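Novice: This is the structure I have questions about; it appears just below.
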Amino acid sequence: MRISTFFYTLGQGIKNIWRNKIFSLATVATISACVFLFGMFYAIVLNFSNIVRQAQSGVAVTVFFDEGISDDKIQEIGTEISKRAEVSKIVFVSAEEAWESFKQENLGDYVDSFGDDNPLAEDSNYEIYMNDISMQENLVTYLEGIDGVRIVRKSAIVANMLTSVNSLIGIVSLGIILILLAVSIFLISNTVALGITVRREEIGIMKLIGATDFVVRAPFVIEGMLLGLIGASLPLVAIYVIYQRTVIYLADRFKVLDSLLQFLSIHQIFSTLVPVALILGVGIGFLGSFTTARKHLRV
Amino acid sequence: MRISTFFYTLGQGIKNIWRNKIFSLATVATISACVFLFGMFYAIVLNFSNIVRQAQSGVAVTVFFDEGISDDKIQEIGTEISKRAEVSKIVFVSAEEAWESFKQENLGDYVDSFGDDNPLAEDSNYEIYMNDISMQENLVTYLEGIDGVRIVRKSAIVANMLTSVNSLIGIVSLGIILILLAVSIFLISNTVALGITVRREEIGIMKLIGATDFVVRAPFVIEGMLLGLIGASLPLVAIYVIYQRTVIYLADRFKVLDSLLQFLSIHQIFSTLVPVALILGVGIGFLGSFTTARKHLRV
Amino acid sequence: MIILEDVSKSYSTGSPALNNISLHVEKGEFVFIVGDSGSGKSTLIKLLLRELTPTSGKIIVNHTDVGKLRHSKIPKYRRGLGVVFQDFRLLKDRNVYENVAFAQRILAVPVRQIRKNVPSVLSLVGLAEKYKSRPRELSGGEQQRVALARAIINKPPILLADEPTGNLDPKNSWEIMKLLEQINKNGTTVLVVTHNREIVNAMQKRVITMKKGIIVSDQKKGGYIDED
Amino acid sequence: MIILEDVSKSYSTGSPALNNISLHVEKGEFVFIVGDSGSGKSTLIKLLLRELTPTSGKIIVNHTDVGKLRHSKIPKYRRGLGVVFQDFRLLKDRNVYENVAFAQRILAVPVRQIRKNVPSVLSLVGLAEKYKSRPRELSGGEQQRVALARAIINKPPILLADEPTGNLDPKNSWEIMKLLEQINKNGTTVLVVTHNREIVNAMQKRVITMKKGIIVSDQKKGGYIDED
Ligand SMILES: Nc1ncnc2c1ncn2[C@@H]1O[C@H](COP(=O)(O)OP(=O)(O)OP(=O)(O)O)[C@@H](O)[C@H]1O
Ligand SMILES: Nc1ncnc2c1ncn2[C@@H]1O[C@H](COP(=O)(O)OP(=O)(O)OP(=O)(O)O)[C@@H](O)[C@H]1O
Ligand SMILES: [Mg+2]
Ligand SMILES: [Mg+2]
């Protein structure tokens with residue numbers, strides 16, 4: 001291809017956008033809307049499953065020791081446990097601490113009836129936090145096998161529920177994302193196709209004069225890709241701004257949920273979203289214009 | 001209007017759909033996609049906030065009585081409390097029951113150290129469940145004022161968090177729904193407008209022959225509304241089918257979450273969704289075709 | 001019937017298409033408008049139809065000041081005109097029958113009447129058999145005759161025909177001209193834009209010759225004026 | 001150069017538009033094709049351009065069997081033809097210059113060359129000043145001349161002109177015909193479909209007369225045949 005032909009083709013692609021203003025606007029608008037929706041839900045879904053995943057790390061398995069165990073032995077057990085892959089944190093709770101927090105949590109003002117006794121003497125323990133709650137059963141089996149461990153207290157129901165919620169969210173999220181993706185692909189290719197279909201007469205004329213398929217199609221394909229690029233970029237910028245404001249707003253408004261609301265940074269979201277958005281925009285802009293133009297080239 | 005003119009206009013509206021197949025398909029597809037997305041998210045959001053709302057009803061305020069209170073008095077207090085609007089359920093827990101559940105929940109195998117004593121004697125109480133957790137403070141103030149009530153135990157943190165989660169979900173849901181609605185309106189009116197814009201030449205010809213705005217526009221408006229009706233109905237049917245299957249699937253797959261997963265019936269969802277979808281489809285079909293046709297009528 | 005007073009029309013680009021035109025056409029006249037390509041004949045027709053508004057000057061048709069017509073009054077005004085457009089302007093999506101019938105529908109002519117009128121006017125222009133065809137399935141001359149059929153079916157008091165025989169063979173052209181003459185005899189004022197020297201010379205009607213946006217000659221029983 | 005053997009063309013509706021046509025046109029000939037409206041002239045042109053394929057029969061142009069042309073070979077074949085379409089077929093979104101230049105661009109003519117050729121061919125057809133206008137801003141005759149300019153700019157070995165003067169005044173028509181004759185003298189084979197009796201009679205070229213899809217007459221130095 002001549003260098004001048006290349007620039008001519010590129011120029012025509014850009015001019016096409018201008019010549020066909022209404023459709024260009026409609027196409028950019030559609031792509032923007034789709035990418036925006038996709039991006040928004042992707043951000044929500046990602047944060048949501050992140051929050052749920054963090055919730056699991058709040059659930060602990062508690063290990064009590066044989067009566068009269070030595071502090072060294074406890075230390076040793078702790079070191080060993082913390083080596084496990086699924087363990088994210090291990091906290092030693094002395095008998096006094098255990099009783100204090102027990103009193104606070106459960107007895108309210110009625111605590112006086114126990115006097116200065118500590119019914120939970122000998123109940124120093126380890127609280128073991130995990131990074132994957134579905135591994136709880138494994139861990140418990142392991143812990144029960146350790147010498148010096150009297151009893152392991154776990155909350156099977158909570159663990160089960162969390163695991164389930166986790167995979168429920170996973171399924172629903174995946175469903176949402178896939179549906180949004182499908183709808184976006186569908187709508188975007190739809191408008192791109194329409195924008196070219198209205199010019200099928202023009203395509204026919206070019207072909208009748210003797211233009212090759214390539215010459216006719218190239219500007220349309222460039223046009224489609226440019227529209228896709230613009231249509232994908234605008235909502236990305238919008239999401240960038242909106243996301244950060246929303247996160248700040250929500251974190252501020254719902255201070256109570258501080259521990260729960262651990263938002264992801266915009267960069268964690270963009271690392272996947274940007275390529276997906278560009279593929280959605282530019283990719284479908286390319287494929288849509290390519291195939292639609294081809295359809296009308298049979299003249 | 002003559003009756004024959006009416007039927008002619010109606011007929012032209014229907015024929016327009018056929019004459020302009022590609023655009024009709026694109027319009028129906030866009031409306032369907034938008035209504036589908038909207039409906040899907042509406043269903044998800046509604047269920048979600050329902051689940052969260054149900055979670056609050058699991059939180060109870062506990063009322064303990066003065067020492068040596070008579071059973072009659074307890075009965076009386078209970079009757080009075082249950083009259084309150086925000087109270088959804090009130091359960092009497094005898095001292096024995098309280099100790100049993102306390103042992104189970106908190107002491108594990110270490111319970112023997114208490115022998116047969118019941119440290120919680122005199123701890124019979126009422127568990128009071130509410131239908132609106134944000135009213136907890138009110139309720140507590142009221143309960144504390146009742147004669148014969150020794151102490152009221154509440155979980156302020158949980159209540160606060162739930163109230164916050166509740167309004168967080170509310171805000172996010174509203175945001176999602178509004179954005180989806182806006183995007184839908186935008187995309188639908190966009191395609192409807194495009195479908196008519198490609199026929200602006202035709203509109204111009206009609207006007208030059210002497211047709212009134214009404215005669216030119218009426219078939220387009222009918223066309224727009226019909227496309228809207230079709231475009232809104234298809235996804236409603238789809239949602240009807242998909243929703244019920246999904247609910248059954250999820251309820252089955254996540255039996256563990258039985259208490260949590262209280263899905264709404266399709267009828268509860270459709271009672272709002274159907275009118276909204278029809279307004280989205282038919283309404284925007286009407287408005288979009290009406291205004292776009294008018295734009296091209298200035299000939 | 002038709003009065004133009006100092007009418008000018010300038011498009012956004014180029015020199016004015018019409019430059020201070022004045023013209024009187026009486027009711028029942030038959031007028032040829034001839035002139036070079038680009039001399040402003042179609043522009044004149046478009047002004048009369050109110051497709052365009054004059055840049056300056058006054059156009060009065062049938063006691064109506066066309067330039068000052070309110071938007072809502074335009075359709076009624078146009079229904080008093082029958083127009084053959086130079087580029088036909090048929091409705092692409094509708095067949096020949098519907099294209100012609102459309103002119104009647106907007107007058108709310110009863111359907112029964114339309115079913116009679118359309119075939120009869122189609123056979124007048126020699127297209128009785130093609131009533132089911134779409135415009136794209138017609139030859140150039142056939143499309144032109146459909147445009148004519150649509151213009152005359154309502155028997156309008158004024159007929160404006162922009163090059164109605166440009167795509168027709170001489171025999172067909174003559175038949176169409178005879179048809180227009182007949183319509184004129186029945187009382188319709190007829191303006192025909194044409195390049196057909198033979199016909200203009202033979203018919204001995206009023207001939208207005210335009211050049212570069214002005215009227216250079218207006219003969220009572222005239223012929224085609226050649227420059228050189 | 002152009003050979004048709006027993007060519008028929010039927011559209012899905014109606015009787016065949018071409019019925020067993022056979023025709024030989026030598027290289028360098030100038031041929032008028034005349035005939036009634038709807039007699040199949042444009043259909044013939046469309047077959048030669050391979051816009052349509054014949055229902056039966058064989059078309060050979062320049063040693064190429066047009067009916068058997070593979071899709072990928074069609075553009076190259078068409079570039080050997082210059083065509084004036086009856087309905088012009090200009091690119092609506094592009095101005096006059098771009099419309100004419102487009103024919104050169106697809107031949108990959110260097111831009112510098114195009115910048116010289118386009119103005120010179122536009123002034124040949126009398127449109128030098130209108131190069132910036134869009135088709136919709138042109139009069140009927142002006143559009144027709146743009147279509148002609150586009151057809152001749154590449155100096156194709158074969159020129160097919162379907163009614164190239166239908167919207168032109170007699171003077172302009174003559175100039176265009178003289179131009180076509182000039183092009184023919186330079187070696188181009190020219191086929192002109194026309195209804196202009198005056199010109200056909202004056203130019204004394206080969207005249208093929210069609211009627212209802214068949215060739216009813218083929219005169220060497222002929223004139224327009226009137227039926228009656
Ligand atoms: N929309 C427009 N914008 C700009 N210029 C225009 C427009 N329409 C017409 N013109 C110019 O105005 C002049 C008169 O055009 P008009 O169509 O009236 O010519 P005409 O006499 O009908 O010619 P023809 O016989 O070729 O149809 C021409 O030079 C044309 O280029
Ligand atoms: N696409 C089509 N589908 C069906 N019939 C068609 C189609 N194109 C043309 N015809 C018919 O074929 C016949 C020949 O058409 P053609 O265009 O070749 O005529 P023509 O000789 O060019 O006439 P004109 O001088 O009016 O342009 C006509 O009767 C026409 O109605
Ligand atoms: Mg004109
Ligand atoms: Mg023809």
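Chain labels follow the order of the structure tokens: the first chain is A, the next B, and so on; residue numbering restarts at 1 in every chain, and ligands are counted from 1 in their shown order.
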Might you pull out every residue within 10 Å of range 224-229 of chain B, with only C-alpha atoms counted and same-chain residues fewer than 3 positions away left off, and present them as a PyMOL selection string?
Specialist: chain B and resi 13-14+16-17+24-32+188-189+192-193+195-196+218-221+232-234+277-290
Novice: So these two share a sequence; what Cα RMSD do you get laying chain A over chain B, all Cα, in order, least squares?
Specialist: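 It is 0.4 Å.
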Novice: Dump the neighbourhood of ligand 1 as a count of residues only: all residues within 8 Å, distances computed on only C-alpha atoms and all ligand atoms.
Specialist: 40
Novice: What are the residues of chain D that have an atom within 12 Å of an atom of chain A, counting only C-alpha atoms, as a ChimeraX atom specification?
Specialist: /D:45-53,70-85,87-95,98-112,114,134,147,150-154,156,160
Novice: If chain C is fitted onto chain D by least squares over all C-alpha atoms, taken pair by pair in sequence order, what do its new coordinates look like as a CSV table (one decimal) with C-alpha atoms, in the first residue's frame?
Specialist:
chain,number,residue,atom,x,y,z
C,1,MET,CA,-14.7,-5.8,-27.6
C,2,ILE,CA,-18.2,-6.4,-26.4
C,3,ILE,CA,-20.0,-9.6,-27.3
C,4,LEU,CA,-23.5,-10.7,-26.1
C,5,GLU,CA,-24.7,-14.1,-27.1
C,6,ASP,CA,-28.3,-15.0,-26.5
C,7,VAL,CA,-28.5,-13.0,-23.3
C,8,SER,CA,-31.7,-13.0,-21.3
C,9,LYS,CA,-32.4,-11.3,-18.0
C,10,SER,CA,-35.5,-11.9,-16.0
C,11,TYR,CA,-36.2,-10.1,-12.8
C,12,SER,CA,-38.2,-12.0,-10.1
C,13,THR,CA,-41.3,-10.1,-11.2
C,14,GLY,CA,-42.8,-9.5,-14.6
C,15,SER,CA,-41.8,-10.5,-18.1
C,16,PRO,CA,-38.1,-10.8,-18.9
C,17,ALA,CA,-36.4,-7.4,-19.2
C,18,LEU,CA,-34.0,-8.8,-21.9
C,19,ASN,CA,-35.0,-11.6,-24.2
C,20,ASN,CA,-32.3,-13.4,-26.1
C,21,ILE,CA,-30.2,-10.5,-27.0
C,22,SER,CA,-27.1,-11.0,-29.3
C,23,LEU,CA,-24.8,-8.1,-30.0
C,24,HIS,CA,-21.3,-7.4,-31.2
C,25,VAL,CA,-19.6,-4.1,-30.6
C,26,GLU,CA,-16.1,-3.6,-32.0
C,27,LYS,CA,-13.3,-1.8,-30.2
C,28,GLY,CA,-13.5,2.0,-30.9
C,29,GLU,CA,-17.2,2.0,-31.9
C,30,PHE,CA,-19.7,4.6,-30.9
C,31,VAL,CA,-23.1,3.1,-30.3
C,32,PHE,CA,-26.4,4.7,-29.4
C,33,ILE,CA,-28.9,2.5,-27.7
C,34,VAL,CA,-32.5,3.9,-27.9
C,35,GLY,CA,-35.9,2.5,-27.1
C,36,ASP,CA,-39.1,2.9,-25.2
C,37,SER,CA,-39.1,3.5,-21.5
C,38,GLY,CA,-38.8,0.0,-19.9
C,39,SER,CA,-37.4,-1.7,-22.9
C,40,GLY,CA,-34.3,-3.0,-21.1
C,41,LYS,CA,-31.6,-0.5,-22.0
C,42,SER,CA,-30.5,0.1,-18.4
C,43,THR,CA,-30.7,-3.6,-17.7
C,44,LEU,CA,-28.2,-4.1,-20.6
C,45,ILE,CA,-25.8,-1.6,-19.1
C,46,LYS,CA,-26.1,-3.2,-15.7
C,47,LEU,CA,-25.2,-6.6,-17.2
C,48,LEU,CA,-22.2,-5.2,-18.8
C,49,LEU,CA,-21.1,-3.7,-15.5
C,50,ARG,CA,-21.8,-6.9,-13.8
C,51,GLU,CA,-24.1,-5.2,-11.4
C,52,LEU,CA,-26.5,-7.9,-12.6
C,53,THR,CA,-25.8,-11.4,-13.9
C,54,PRO,CA,-27.6,-12.7,-16.9
C,55,THR,CA,-30.3,-15.3,-16.4
C,56,SER,CA,-28.9,-17.1,-19.5
C,57,GLY,CA,-26.5,-16.4,-22.3
C,58,LYS,CA,-22.9,-15.2,-22.4
C,59,ILE,CA,-21.4,-11.8,-22.1
C,60,ILE,CA,-17.8,-11.3,-23.1
C,61,VAL,CA,-16.2,-7.9,-22.7
C,62,ASN,CA,-12.5,-7.5,-23.6
C,63,HIS,CA,-12.0,-11.3,-23.7
C,64,THR,CA,-13.4,-11.6,-20.2
C,65,ASP,CA,-16.4,-13.8,-19.6
C,66,VAL,CA,-18.3,-11.4,-17.4
C,67,GLY,CA,-20.9,-13.9,-16.2
C,68,LYS,CA,-18.2,-16.2,-14.8
C,69,LEU,CA,-16.1,-13.5,-13.2
C,70,ARG,CA,-15.0,-14.5,-9.7
C,71,HIS,CA,-15.9,-12.0,-6.9
C,72,SER,CA,-12.4,-11.0,-6.3
C,73,LYS,CA,-11.8,-10.2,-10.0
C,74,ILE,CA,-14.8,-8.0,-10.4
C,75,PRO,CA,-13.2,-4.7,-9.2
C,76,LYS,CA,-10.4,-5.0,-11.6
C,77,TYR,CA,-12.9,-5.7,-14.4
C,78,ARG,CA,-15.0,-2.7,-13.5
C,79,ARG,CA,-12.1,-0.4,-13.5
C,80,GLY,CA,-11.8,-1.0,-17.2
C,81,LEU,CA,-15.3,0.6,-17.6
C,82,GLY,CA,-16.5,4.2,-17.1
C,83,VAL,CA,-20.1,4.4,-16.3
C,84,VAL,CA,-22.7,7.2,-16.1
C,85,PHE,CA,-25.6,5.9,-14.2
C,86,GLN,CA,-29.1,6.9,-15.1
C,87,ASP,CA,-29.6,7.9,-11.4
C,88,PHE,CA,-26.1,9.4,-11.1
C,89,ARG,CA,-25.1,7.4,-8.0
C,90,LEU,CA,-22.9,10.1,-6.5
C,91,LEU,CA,-21.5,9.7,-3.0
C,92,LYS,CA,-23.9,11.9,-1.0
C,93,ASP,CA,-21.4,12.6,1.8
C,94,ARG,CA,-18.6,13.8,-0.4
C,95,ASN,CA,-18.2,16.9,-2.5
C,96,VAL,CA,-17.8,17.1,-6.2
C,97,TYR,CA,-14.1,17.0,-6.1
C,98,GLU,CA,-14.0,13.9,-3.9
C,99,ASN,CA,-16.6,12.1,-6.0
C,100,VAL,CA,-14.6,12.5,-9.1
C,101,ALA,CA,-11.2,11.9,-7.4
C,102,PHE,CA,-12.5,8.7,-5.9
C,103,ALA,CA,-12.4,7.0,-9.3
C,104,GLN,CA,-8.7,7.8,-9.5
C,105,ARG,CA,-7.9,6.9,-5.9
C,106,ILE,CA,-9.0,3.3,-6.5
C,107,LEU,CA,-6.5,3.1,-9.3
C,108,ALA,CA,-3.9,4.4,-6.8
C,109,VAL,CA,-3.1,7.4,-9.0
C,110,PRO,CA,-0.6,9.6,-7.1
C,111,VAL,CA,-2.2,12.4,-5.2
C,112,ARG,CA,-0.3,15.0,-7.2
C,113,GLN,CA,-1.7,13.6,-10.4
C,114,ILE,CA,-5.3,13.6,-9.0
C,115,ARG,CA,-5.0,17.2,-8.0
C,116,LYS,CA,-4.3,18.0,-11.6
C,117,ASN,CA,-6.7,15.7,-13.3
C,118,VAL,CA,-9.9,16.4,-11.3
C,119,PRO,CA,-10.1,20.2,-12.0
C,120,SER,CA,-9.3,19.7,-15.6
C,121,VAL,CA,-12.0,17.1,-16.1
C,122,LEU,CA,-14.5,19.2,-14.1
C,123,SER,CA,-13.9,22.2,-16.4
C,124,LEU,CA,-14.5,19.9,-19.4
C,125,VAL,CA,-18.0,19.3,-18.1
C,126,GLY,CA,-18.4,23.0,-17.1
C,127,LEU,CA,-18.3,22.5,-13.3
C,128,ALA,CA,-14.9,23.9,-12.4
C,129,GLU,CA,-16.5,26.3,-9.8
C,130,LYS,CA,-18.7,23.7,-8.1
C,131,TYR,CA,-15.9,21.4,-7.0
C,132,LYS,CA,-16.7,22.1,-3.3
C,133,SER,CA,-20.4,21.4,-3.5
C,134,ARG,CA,-22.2,18.3,-2.2
C,135,PRO,CA,-24.4,16.5,-4.6
C,136,ARG,CA,-27.5,17.8,-2.9
C,137,GLU,CA,-26.4,21.3,-3.5
C,138,LEU,CA,-26.3,20.8,-7.2
C,139,SER,CA,-29.0,21.1,-9.8
C,140,GLY,CA,-30.1,18.0,-11.6
C,141,GLY,CA,-28.0,18.7,-14.7
C,142,GLU,CA,-25.0,19.5,-12.6
C,143,GLN,CA,-25.2,16.2,-10.8
C,144,GLN,CA,-25.4,14.5,-14.1
C,145,ARG,CA,-22.2,16.2,-15.3
C,146,VAL,CA,-20.4,15.1,-12.1
C,147,ALA,CA,-21.4,11.6,-12.9
C,148,LEU,CA,-20.0,12.0,-16.4
C,149,ALA,CA,-16.7,13.5,-15.1
C,150,ARG,CA,-16.3,10.5,-12.8
C,151,ALA,CA,-16.8,8.1,-15.6
C,152,ILE,CA,-14.3,9.7,-18.0
C,153,ILE,CA,-11.5,10.8,-15.7
C,154,ASN,CA,-9.7,7.4,-15.9
C,155,LYS,CA,-9.9,7.4,-19.7
C,156,PRO,CA,-11.3,3.9,-19.6
C,157,PRO,CA,-11.3,1.7,-22.7
C,158,ILE,CA,-15.0,1.4,-22.5
C,159,LEU,CA,-17.5,4.1,-21.6
C,160,LEU,CA,-21.1,3.2,-20.8
C,161,ALA,CA,-23.4,6.2,-20.4
C,162,ASP,CA,-27.0,5.6,-19.4
C,163,GLU,CA,-29.0,8.7,-20.4
C,164,PRO,CA,-26.2,11.2,-19.8
C,165,THR,CA,-28.1,14.2,-21.0
C,166,GLY,CA,-31.6,13.5,-19.6
C,167,ASN,CA,-31.3,16.5,-17.3
C,168,LEU,CA,-29.4,18.8,-19.6
C,169,ASP,CA,-30.5,21.7,-21.8
C,170,PRO,CA,-29.9,21.2,-25.5
C,171,LYS,CA,-26.7,23.3,-25.6
C,172,ASN,CA,-25.1,21.4,-22.7
C,173,SER,CA,-26.3,18.1,-24.2
C,174,TRP,CA,-24.6,18.9,-27.4
C,175,GLU,CA,-21.4,19.8,-25.7
C,176,ILE,CA,-21.4,16.5,-23.7
C,177,MET,CA,-22.1,14.6,-26.9
C,178,LYS,CA,-19.2,16.3,-28.6
C,179,LEU,CA,-17.1,15.4,-25.6
C,180,LEU,CA,-18.1,11.8,-25.8
C,181,GLU,CA,-17.4,11.8,-29.6
C,182,GLN,CA,-13.9,13.2,-28.8
C,183,ILE,CA,-13.3,10.5,-26.2
C,184,ASN,CA,-14.4,7.9,-28.8
C,185,LYS,CA,-12.0,9.4,-31.3
C,186,ASN,CA,-9.2,8.8,-28.8
C,187,GLY,CA,-10.0,5.1,-28.9
C,188,THR,CA,-12.6,4.5,-26.3
C,189,THR,CA,-15.5,2.3,-27.1
C,190,VAL,CA,-18.6,4.3,-26.2
C,191,LEU,CA,-22.2,3.1,-25.6
C,192,VAL,CA,-24.7,5.8,-25.0
C,193,VAL,CA,-28.3,5.1,-24.0
C,194,THR,CA,-30.4,8.1,-24.9
C,195,HIS,CA,-33.9,9.4,-25.7
C,196,ASN,CA,-32.6,12.5,-27.5
C,197,ARG,CA,-33.9,12.1,-31.0
C,198,GLU,CA,-32.3,15.3,-32.3
C,199,ILE,CA,-28.8,14.2,-31.2
C,200,VAL,CA,-29.2,10.7,-32.5
C,201,ASN,CA,-30.4,11.8,-35.8
C,202,ALA,CA,-27.7,14.4,-36.2
C,203,MET,CA,-24.7,12.3,-35.2
C,204,GLN,CA,-25.1,9.5,-37.7
C,205,LYS,CA,-23.6,6.8,-35.5
C,206,ARG,CA,-24.6,3.2,-35.1
C,207,VAL,CA,-28.0,3.0,-33.5
C,208,ILE,CA,-29.4,0.0,-31.7
C,209,THR,CA,-33.2,0.2,-31.1
C,210,MET,CA,-34.7,-1.9,-28.3
C,211,LYS,CA,-38.3,-2.7,-27.7
C,212,LYS,CA,-39.7,-4.9,-24.9
C,213,GLY,CA,-36.4,-6.6,-24.2
C,214,ILE,CA,-35.3,-7.4,-27.8
C,215,ILE,CA,-33.3,-5.6,-30.4
C,216,VAL,CA,-35.6,-4.6,-33.1
C,217,SER,CA,-33.1,-2.7,-35.3
C,218,ASP,CA,-29.4,-2.2,-35.6
C,219,GLN,CA,-28.5,0.5,-38.1
C,220,LYS,CA,-24.9,1.3,-39.1
C,221,LYS,CA,-25.3,5.1,-39.6
C,222,GLY,CA,-28.8,5.3,-38.3
C,223,GLY,CA,-31.3,7.6,-36.8
C,224,TYR,CA,-34.1,7.5,-34.2
C,225,ILE,CA,-36.8,5.1,-35.4
C,226,ASP,CA,-40.3,6.4,-34.7
C,227,GLU,CA,-42.9,3.7,-34.4
C,228,ASP,CA,-45.8,5.4,-36.1
Novice: Would you please extract all strand (DSSP E) residues from range 22-142 of chain D, as assigned by DSSP on the backbone, and give them as an NGL selection string?
Specialist: :D and (22-25 or 30-35 or 56-61 or 64-65 or 81-84)
Novice: Write the residues you've just listed into a file as a compact mmCIF listing (two decimals), in the first residue's frame, and include N, CA, C and O atoms for each of them.
Specialist:
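Output file part_30.txt follows:
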# COMPACT_ATOMS: atom_id res chain seq x y z
N SER D 22 -28.49 -10.71 -28.77
CA SER D 22 -27.13 -10.96 -29.27
C SER D 22 -26.61 -9.67 -29.88
O SER D 22 -27.36 -8.94 -30.54
N LEU D 23 -25.33 -9.40 -29.66
CA LEU D 23 -24.82 -8.08 -30.01
C LEU D 23 -23.29 -8.13 -30.10
O LEU D 23 -22.64 -8.75 -29.26
N HIS D 24 -22.73 -7.51 -31.12
CA HIS D 24 -21.28 -7.36 -31.20
C HIS D 24 -20.93 -5.89 -31.30
O HIS D 24 -21.48 -5.20 -32.15
N VAL D 25 -20.05 -5.44 -30.48
CA VAL D 25 -19.56 -4.07 -30.60
C VAL D 25 -18.05 -4.12 -30.71
O VAL D 25 -17.38 -4.72 -29.87
N PHE D 30 -18.82 3.72 -31.66
CA PHE D 30 -19.68 4.64 -30.92
C PHE D 30 -21.11 4.18 -31.19
O PHE D 30 -21.56 4.19 -32.32
N VAL D 31 -21.81 3.73 -30.16
CA VAL D 31 -23.13 3.13 -30.36
C VAL D 31 -24.17 3.84 -29.52
O VAL D 31 -23.97 4.07 -28.32
N PHE D 32 -25.26 4.23 -30.18
CA PHE D 32 -26.42 4.71 -29.44
C PHE D 32 -27.36 3.55 -29.18
O PHE D 32 -27.58 2.73 -30.06
N ILE D 33 -27.90 3.50 -27.97
CA ILE D 33 -28.95 2.53 -27.68
C ILE D 33 -30.20 3.31 -27.35
O ILE D 33 -30.21 4.13 -26.42
N VAL D 34 -31.23 3.11 -28.16
CA VAL D 34 -32.47 3.85 -27.93
C VAL D 34 -33.61 2.85 -27.75
O VAL D 34 -33.45 1.66 -28.00
N GLY D 35 -34.73 3.37 -27.31
CA GLY D 35 -35.87 2.48 -27.13
C GLY D 35 -36.83 3.05 -26.10
O GLY D 35 -36.48 3.96 -25.34
N SER D 56 -29.55 -16.12 -18.56
CA SER D 56 -28.94 -17.11 -19.46
C SER D 56 -28.15 -16.35 -20.53
O SER D 56 -28.33 -15.15 -20.71
N GLY D 57 -27.29 -17.06 -21.22
CA GLY D 57 -26.49 -16.42 -22.25
C GLY D 57 -25.11 -16.03 -21.76
O GLY D 57 -24.77 -16.25 -20.60
N LYS D 58 -24.33 -15.47 -22.64
CA LYS D 58 -22.92 -15.24 -22.38
C LYS D 58 -22.56 -13.80 -22.73
O LYS D 58 -22.95 -13.29 -23.76
N ILE D 59 -21.83 -13.17 -21.83
CA ILE D 59 -21.38 -11.80 -22.09
C ILE D 59 -19.87 -11.78 -22.03
O ILE D 59 -19.27 -12.17 -21.03
N ILE D 60 -19.27 -11.36 -23.13
CA ILE D 60 -17.81 -11.29 -23.13
C ILE D 60 -17.38 -9.86 -23.42
O ILE D 60 -17.76 -9.27 -24.42
N VAL D 61 -16.63 -9.30 -22.50
CA VAL D 61 -16.14 -7.93 -22.65
C VAL D 61 -14.63 -7.97 -22.56
O VAL D 61 -14.07 -8.44 -21.57
N THR D 64 -13.04 -11.07 -21.51
CA THR D 64 -13.41 -11.57 -20.19
C THR D 64 -14.85 -12.08 -20.24
O THR D 64 -15.75 -11.39 -20.72
N ASP D 65 -15.05 -13.31 -19.74
CA ASP D 65 -16.42 -13.83 -19.64
C ASP D 65 -17.04 -13.23 -18.38
O ASP D 65 -16.80 -13.69 -17.27
N LEU D 81 -14.07 -0.01 -17.06
CA LEU D 81 -15.29 0.62 -17.59
C LEU D 81 -15.50 1.98 -16.93
O LEU D 81 -15.23 2.15 -15.74
N GLY D 82 -15.96 2.94 -17.75
CA GLY D 82 -16.46 4.18 -17.15
C GLY D 82 -17.96 4.18 -17.31
O GLY D 82 -18.46 3.89 -18.39
N VAL D 83 -18.68 4.46 -16.23
CA VAL D 83 -20.13 4.35 -16.31
C VAL D 83 -20.82 5.62 -15.80
O VAL D 83 -20.48 6.14 -14.73
N VAL D 84 -21.75 6.13 -16.61
CA VAL D 84 -22.64 7.18 -16.13
C VAL D 84 -23.97 6.52 -15.83
O VAL D 84 -24.59 5.95 -16.72
